[in-house]
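Student: My questions all concern the structure below.
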Amino acid sequence: MDPQEFRAQAHKMVDFIADYYRDVESLPVRSQVTPGYLRSSLPSNAPEEPQSFDTVLDDVKSMIVPGVTHWQNPNFFGFFPSNSSTAGMLGEFLSGGFNVDGSEWATSPAATELEMLVLNWLGKLLNLPDEFLFNRSGNGGGVIHASASEAVLVALLAARGRAISENKAKGLEEQEILSKLLVYTSDQTHPCLHKACVIVGLPKSNLVILPTLATDDYALSLPILKSAVRNGVTKGFIPFFLGATVGTTSSSAIDPLPALADIAKEYGMWFHVDAAYAGNACICPEFRHFLNGVENAHSFNLSANKWLLTNIDCSILWLKDSKQLSSTLSTLTNKELKTSSIQSRVVNFKDWQVAQGRRFRSLKLWFVMRLYGALGLRNHIRTHINHAKHFEILVREDSRFEILAPCRFGLVCFRLKPSVKHEDNGWKLNSSLLEAINSGGKIFMTHTVLSGVYTLRMSIGGTQTKRENVDDAWKIIQEEAQNLLDQEII
């Protein structure tokens with residue numbers, strides 16, 4: 001690498017990114033391309049000769065940007081946010097520059113030790129129990145994964161390993177144990193748990209998905225859970241994993257952690273709490289109570305790349321007993337390595353994840369936490385929650401609309417009220433409204449289904465989203481809604 005050439009190209013890239021963020025609000029939020037558009041624009045084979053950086057960057061502008069749905073547009077209100085920040089980008093840039101493999105302590109001590117340090121920092125901001133932190137007196141600690149899906153998967157693997165060991169001690173064979181293991185969760189849980197069950201080899205029928213009700217604000221019902229667990233035990237099954245959520249994808253529902261922890265303890269289940277989105281808000285003292293009960297969980301995950309200004313990917317899993325996980329995933333086979341003095345004193349994160357290699361992800365979280373500080377991060381969260389409360393008020397003030405779930409964080413669930421003549425209870429009306437909203441290109445939203453009702457989701461959390469973006473979005477929603485209602489009258 002020629003340092004001068006690198007400086008010149010890097011400066012151009014920084015200028016491009018800076019201009020992109022300056023101008024992103026003027027771009028259509030949702031990409032307007034059709035499937036296969038890029039295949040017809042780029043060669044089918046790699047170039048034989050090197051091409052200039054300027055040529056490649058020009059292709060980015062003309063071919064890649066049109067195919068991007070702009071998550072960093074302040075009018076992106078679709079899925080839960082994918083926060084970006086200058087601090088996060090700089091940390092990511094440095095990680096790419098070092099380009100180390102932090103799979104073991106020895107392969108890059110700074111990568112391992114910074115991750116341990118920064119996850120303790122974040123754990124303390126969340127007021128997590130000491131058992132979840134790295135300290136000399138316990139086996140707890142955290143690890144950064146690529147996504148919440150991977151965090152949930154390895155938690156399930158650790159739980160499965162524990163269940164197999166415990167039941168082998170009772171005289172059962174491993175295959176018999178696996179056929180009897182049951183996972184319990186609600187119908188609001190993210191489907192990553194469903195995928196995790198498939199990956200670890202559990203029969204699909206062994207995932208018990210329990211219905212939730214509007215009367216419980218779509219939280220996991222204790223009577224329904226207790227009945228299902230008792231029923232499974234009566235039939236000879238082994239309840240081994242209970243998955244709870246703080247801030248579900250559909251409606252930001254919050255499962256009752258303290259009571260669920262009691263049930264998990266009674267039946268010897270591993271208790272996991274997925275707070276990928278809403279857990280970020282719990283660095284604010286006024287929202288910390290939503291995590292009450294996490295002290296009785298075995299594992300807990302949160303995605304800083306969703307709402308904590310840390311560029312994707314940065315999803316964190318904390319465990320009380322990391323040995324349950326590392327003993328399941330360890331790849332050490334040489335006895336001398338296992339018993340060497342250095343191995344007994346260090347953490348090797350390759351044994352905490354599915355992949356062998358790993359990136360220096362902790363750098364970007366470290367940059368974010370230092371350049372924003374706890375005060376800046378809390379203000380970031382509070383601003384979005386205030387925007388969401390403001391939007392909720394706007395919806396309630398318009399008699400044509402109704403709120404369908406409590407607004408606790410940055411998500412508002414609502415719909416355009418159907419008239420009596422709508423036999424589908426407003427399904428077509430609201431799906432048409434959503435398509436009209438998104439087709440305009442100025443804002444982007446998504447939907448969910450709650451109790452069979454087609455529900456619009458307004459998810460507020462973009463790094464650059466301001467109050468005026470929320471107000472402008474509401475005007476668009478009202479205008480498109482009135483257009484639909486006028487067409488019905490005609």
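We label chains A, B, ... in the order they appear in the structure tokens, count residues from 1 in each chain, and number ligands from 1 in the order shown.
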I want to know what sits within 9 Å of Asn379 of chain A, based on only C-alpha atoms, with residues of the same chain fewer than 5 positions away left out; could you give that as a ChimeraX atom specification?
Tutor: /A:284,374,384
Student: List the spatial neighbours of Ala111 of chain A as a list of chain:residue names - criterion: any atom at most 12 Å away, only C-alpha atoms, same-chain residues fewer than 4 positions off excluded.
Tutor: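 In the requested form, the answer reads A:Ser95, A:Phe98, A:Asn99, A:Val100, A:Asp101, A:Gly102, A:Ser103, A:Glu104, A:Trp105, A:Ala106, A:Thr107, A:Glu115, A:Met116, A:Leu117, A:Val118, A:Val143, A:Ile144, A:Val347, A:Asn348, A:Phe349, A:Arg358, A:Arg359, A:Phe360, A:Arg361, A:Ser362, A:Leu363, A:Lys364, A:Trp366.
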Student: Generate a file of the selected residues that holds C-alpha atoms, formatted as a PDB file, in the first residue's frame.
Tutor:
ATOM      1  CA  SER A  95     -10.988  -1.784  12.937  1.00  0.00           C
ATOM      2  CA  PHE A  98      -5.900  -2.935  11.974  1.00  0.00           C
ATOM      3  CA  ASN A  99      -7.680  -5.915  10.380  1.00  0.00           C
ATOM      4  CA  VAL A 100      -6.856  -8.300  13.212  1.00  0.00           C
ATOM      5  CA  ASP A 101      -8.410 -11.654  14.023  1.00  0.00           C
ATOM      6  CA  GLY A 102      -9.360 -11.501  17.673  1.00  0.00           C
ATOM      7  CA  SER A 103     -10.403 -15.124  17.997  1.00  0.00           C
ATOM      8  CA  GLU A 104      -8.041 -15.728  20.919  1.00  0.00           C
ATOM      9  CA  TRP A 105      -6.356 -13.464  23.439  1.00  0.00           C
ATOM     10  CA  ALA A 106      -2.975 -14.315  21.959  1.00  0.00           C
ATOM     11  CA  THR A 107      -3.977 -13.377  18.394  1.00  0.00           C
ATOM     12  CA  GLU A 115     -14.116  -5.981  24.488  1.00  0.00           C
ATOM     13  CA  MET A 116     -14.125  -7.155  28.084  1.00  0.00           C
ATOM     14  CA  LEU A 117     -13.664  -3.608  29.345  1.00  0.00           C
ATOM     15  CA  VAL A 118     -16.248  -1.882  27.149  1.00  0.00           C
ATOM     16  CA  VAL A 143     -19.321 -10.976  24.082  1.00  0.00           C
ATOM     17  CA  ILE A 144     -20.078  -9.059  20.891  1.00  0.00           C
ATOM     18  CA  VAL A 347     -10.634 -15.256  27.564  1.00  0.00           C
ATOM     19  CA  ASN A 348     -10.732 -16.737  24.070  1.00  0.00           C
ATOM     20  CA  PHE A 349     -13.864 -15.348  22.436  1.00  0.00           C
ATOM     21  CA  ARG A 358     -13.764 -12.468  14.754  1.00  0.00           C
ATOM     22  CA  ARG A 359     -13.486  -8.771  14.006  1.00  0.00           C
ATOM     23  CA  PHE A 360     -12.293  -6.010  16.323  1.00  0.00           C
ATOM     24  CA  ARG A 361     -15.885  -4.824  16.900  1.00  0.00           C
ATOM     25  CA  SER A 362     -15.304  -3.373  20.345  1.00  0.00           C
ATOM     26  CA  LEU A 363     -13.384  -0.427  18.876  1.00  0.00           C
ATOM     27  CA  LYS A 364     -16.514   1.223  17.495  1.00  0.00           C
ATOM     28  CA  TRP A 366     -15.504   2.150  22.648  1.00  0.00           C
TER      29      TRP A 366
END
Student: Within segment 132-331 of chain A, find each residue whose DSSP state, derived from the backbone, is helix (DSSP H, G or I), and express the selection as JSON, numbers by chain.
Tutor: {"A": [132, 148, 149, 150, 151, 152, 153, 154, 155, 156, 157, 158, 159, 160, 161, 162, 163, 164, 165, 166, 167, 168, 174, 175, 176, 177, 178, 179, 180, 192, 193, 194, 195, 196, 197, 198, 199, 204, 205, 206, 214, 215, 216, 222, 223, 224, 225, 226, 227, 228, 229, 230, 231, 232, 233, 234, 257, 258, 259, 260, 261, 262, 263, 264, 265, 266, 278, 279, 280, 281, 282, 283, 285, 286, 287, 288, 289, 290, 291, 294, 295, 296, 304, 305, 306, 307, 322, 323, 324, 325, 326, 327, 328, 329]}
Student: Could you tell me how far atom CA of Arg160 of chain A lies from atom CA of Phe134 of chain A, in Å and to one decimal?
Tutor: 23.4 Å
Student: Between A:Met269, A:Leu181, A:Ala151, A:Ile393, which one has atoms that come closest to Phe300 of chain A, using only C-alpha atoms?
Tutor: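 Closest to Phe300 of chain A, using only C-alpha atoms: A:Ala151.
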Student: Counting only C-alpha atoms, which of A:Asp216, A:Asp398, A:Asp471, A:Asp262 gets nearest to Ala297 of chain A?
Tutor: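 Among the listed residues, A:Asp262 lies closest to Ala297 of chain A.
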Student: Given only C-alpha atoms as the basis, pick out the residue of A:Phe79, A:Phe53, A:Tyr184, A:Trp474 nearest to Val395 of chain A.
Tutor: A:Trp474
Student: My list of candidates is A:Val246, A:Leu222, A:Ala214, A:Leu57. Which is closest to Val449 of chain A when distances are computed with only C-alpha atoms?
Tutor: A:Ala214
Student: How many Å separate atom CA of Ser165 of chain A from atom CA of Leu178 of chain A?
Tutor: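 Value for the atom CA of Ser165 of chain A-atom CA of Leu178 of chain A distance: 11.4 Å.
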Student: List the spatial neighbours of Ala18 of chain A as a list in words - criterion: any atom at most 12 Å away, only C-alpha atoms, same-chain residues fewer than 5 positions off excluded.
Tutor: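 Here the answer would be His11, Lys12, Met13, Asp23, Val24, Ser85, Thr86 and Met89 of chain A.
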Student: For the residues in the current selection, export N, CA, C and O atoms as a PDB file, in the first residue's frame.
Tutor:
ATOM      1  N   HIS A  11      -9.532  10.306   1.553  1.00  0.00           N
ATOM      2  CA  HIS A  11     -10.138  11.630   1.617  1.00  0.00           C
ATOM      3  C   HIS A  11     -11.355  11.710   0.690  1.00  0.00           C
ATOM      4  O   HIS A  11     -12.386  12.304   1.054  1.00  0.00           O
ATOM      5  N   LYS A  12     -11.239  11.122  -0.483  1.00  0.00           N
ATOM      6  CA  LYS A  12     -12.372  11.118  -1.409  1.00  0.00           C
ATOM      7  C   LYS A  12     -13.547  10.321  -0.839  1.00  0.00           C
ATOM      8  O   LYS A  12     -14.712  10.716  -0.994  1.00  0.00           O
ATOM      9  N   MET A  13     -13.227   9.204  -0.189  1.00  0.00           N
ATOM     10  CA  MET A  13     -14.295   8.394   0.392  1.00  0.00           C
ATOM     11  C   MET A  13     -14.976   9.127   1.540  1.00  0.00           C
ATOM     12  O   MET A  13     -16.214   9.101   1.674  1.00  0.00           O
ATOM     13  N   ASP A  23     -26.962  14.855   2.139  1.00  0.00           N
ATOM     14  CA  ASP A  23     -28.000  14.849   1.118  1.00  0.00           C
ATOM     15  C   ASP A  23     -29.004  13.705   1.240  1.00  0.00           C
ATOM     16  O   ASP A  23     -29.952  13.644   0.469  1.00  0.00           O
ATOM     17  N   VAL A  24     -28.810  12.797   2.194  1.00  0.00           N
ATOM     18  CA  VAL A  24     -29.607  11.574   2.218  1.00  0.00           C
ATOM     19  C   VAL A  24     -31.105  11.848   2.373  1.00  0.00           C
ATOM     20  O   VAL A  24     -31.947  11.101   1.859  1.00  0.00           O
ATOM     21  N   SER A  85     -23.248   6.626  13.428  1.00  0.00           N
ATOM     22  CA  SER A  85     -22.711   7.862  13.988  1.00  0.00           C
ATOM     23  C   SER A  85     -21.293   8.053  13.482  1.00  0.00           C
ATOM     24  O   SER A  85     -20.634   7.109  13.038  1.00  0.00           O
ATOM     25  N   THR A  86     -20.829   9.283  13.573  1.00  0.00           N
ATOM     26  CA  THR A  86     -19.436   9.562  13.204  1.00  0.00           C
ATOM     27  C   THR A  86     -18.497   8.724  14.056  1.00  0.00           C
ATOM     28  O   THR A  86     -17.533   8.132  13.559  1.00  0.00           O
ATOM     29  N   MET A  89     -18.535   5.116  12.874  1.00  0.00           N
ATOM     30  CA  MET A  89     -17.839   4.952  11.596  1.00  0.00           C
ATOM     31  C   MET A  89     -16.324   5.034  11.772  1.00  0.00           C
ATOM     32  O   MET A  89     -15.573   4.287  11.146  1.00  0.00           O
TER      33      MET A  89
END
Student: In Å, rounded to a single decimal, give me how far atom CA of Lys389 of chain A is from atom CA of Gly243 of chain A.
Tutor: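 Separation of atom CA of Gly243 of chain A and atom CA of Lys389 of chain A: 28.7 Å.
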Student: So which bits of segment 145-394 of chain A end up strand (DSSP E or B) when you DSSP the backbone, as a ChimeraX atom specification?
Tutor: /A:145,181-186,207-210,238-246,254,270-274,299-303,315-319
Student: Could you check which of A:Val183, A:Leu90, A:Leu411, A:Val294 is closest to Thr249 of chain A, using only C-alpha atoms?
Tutor: A:Leu411
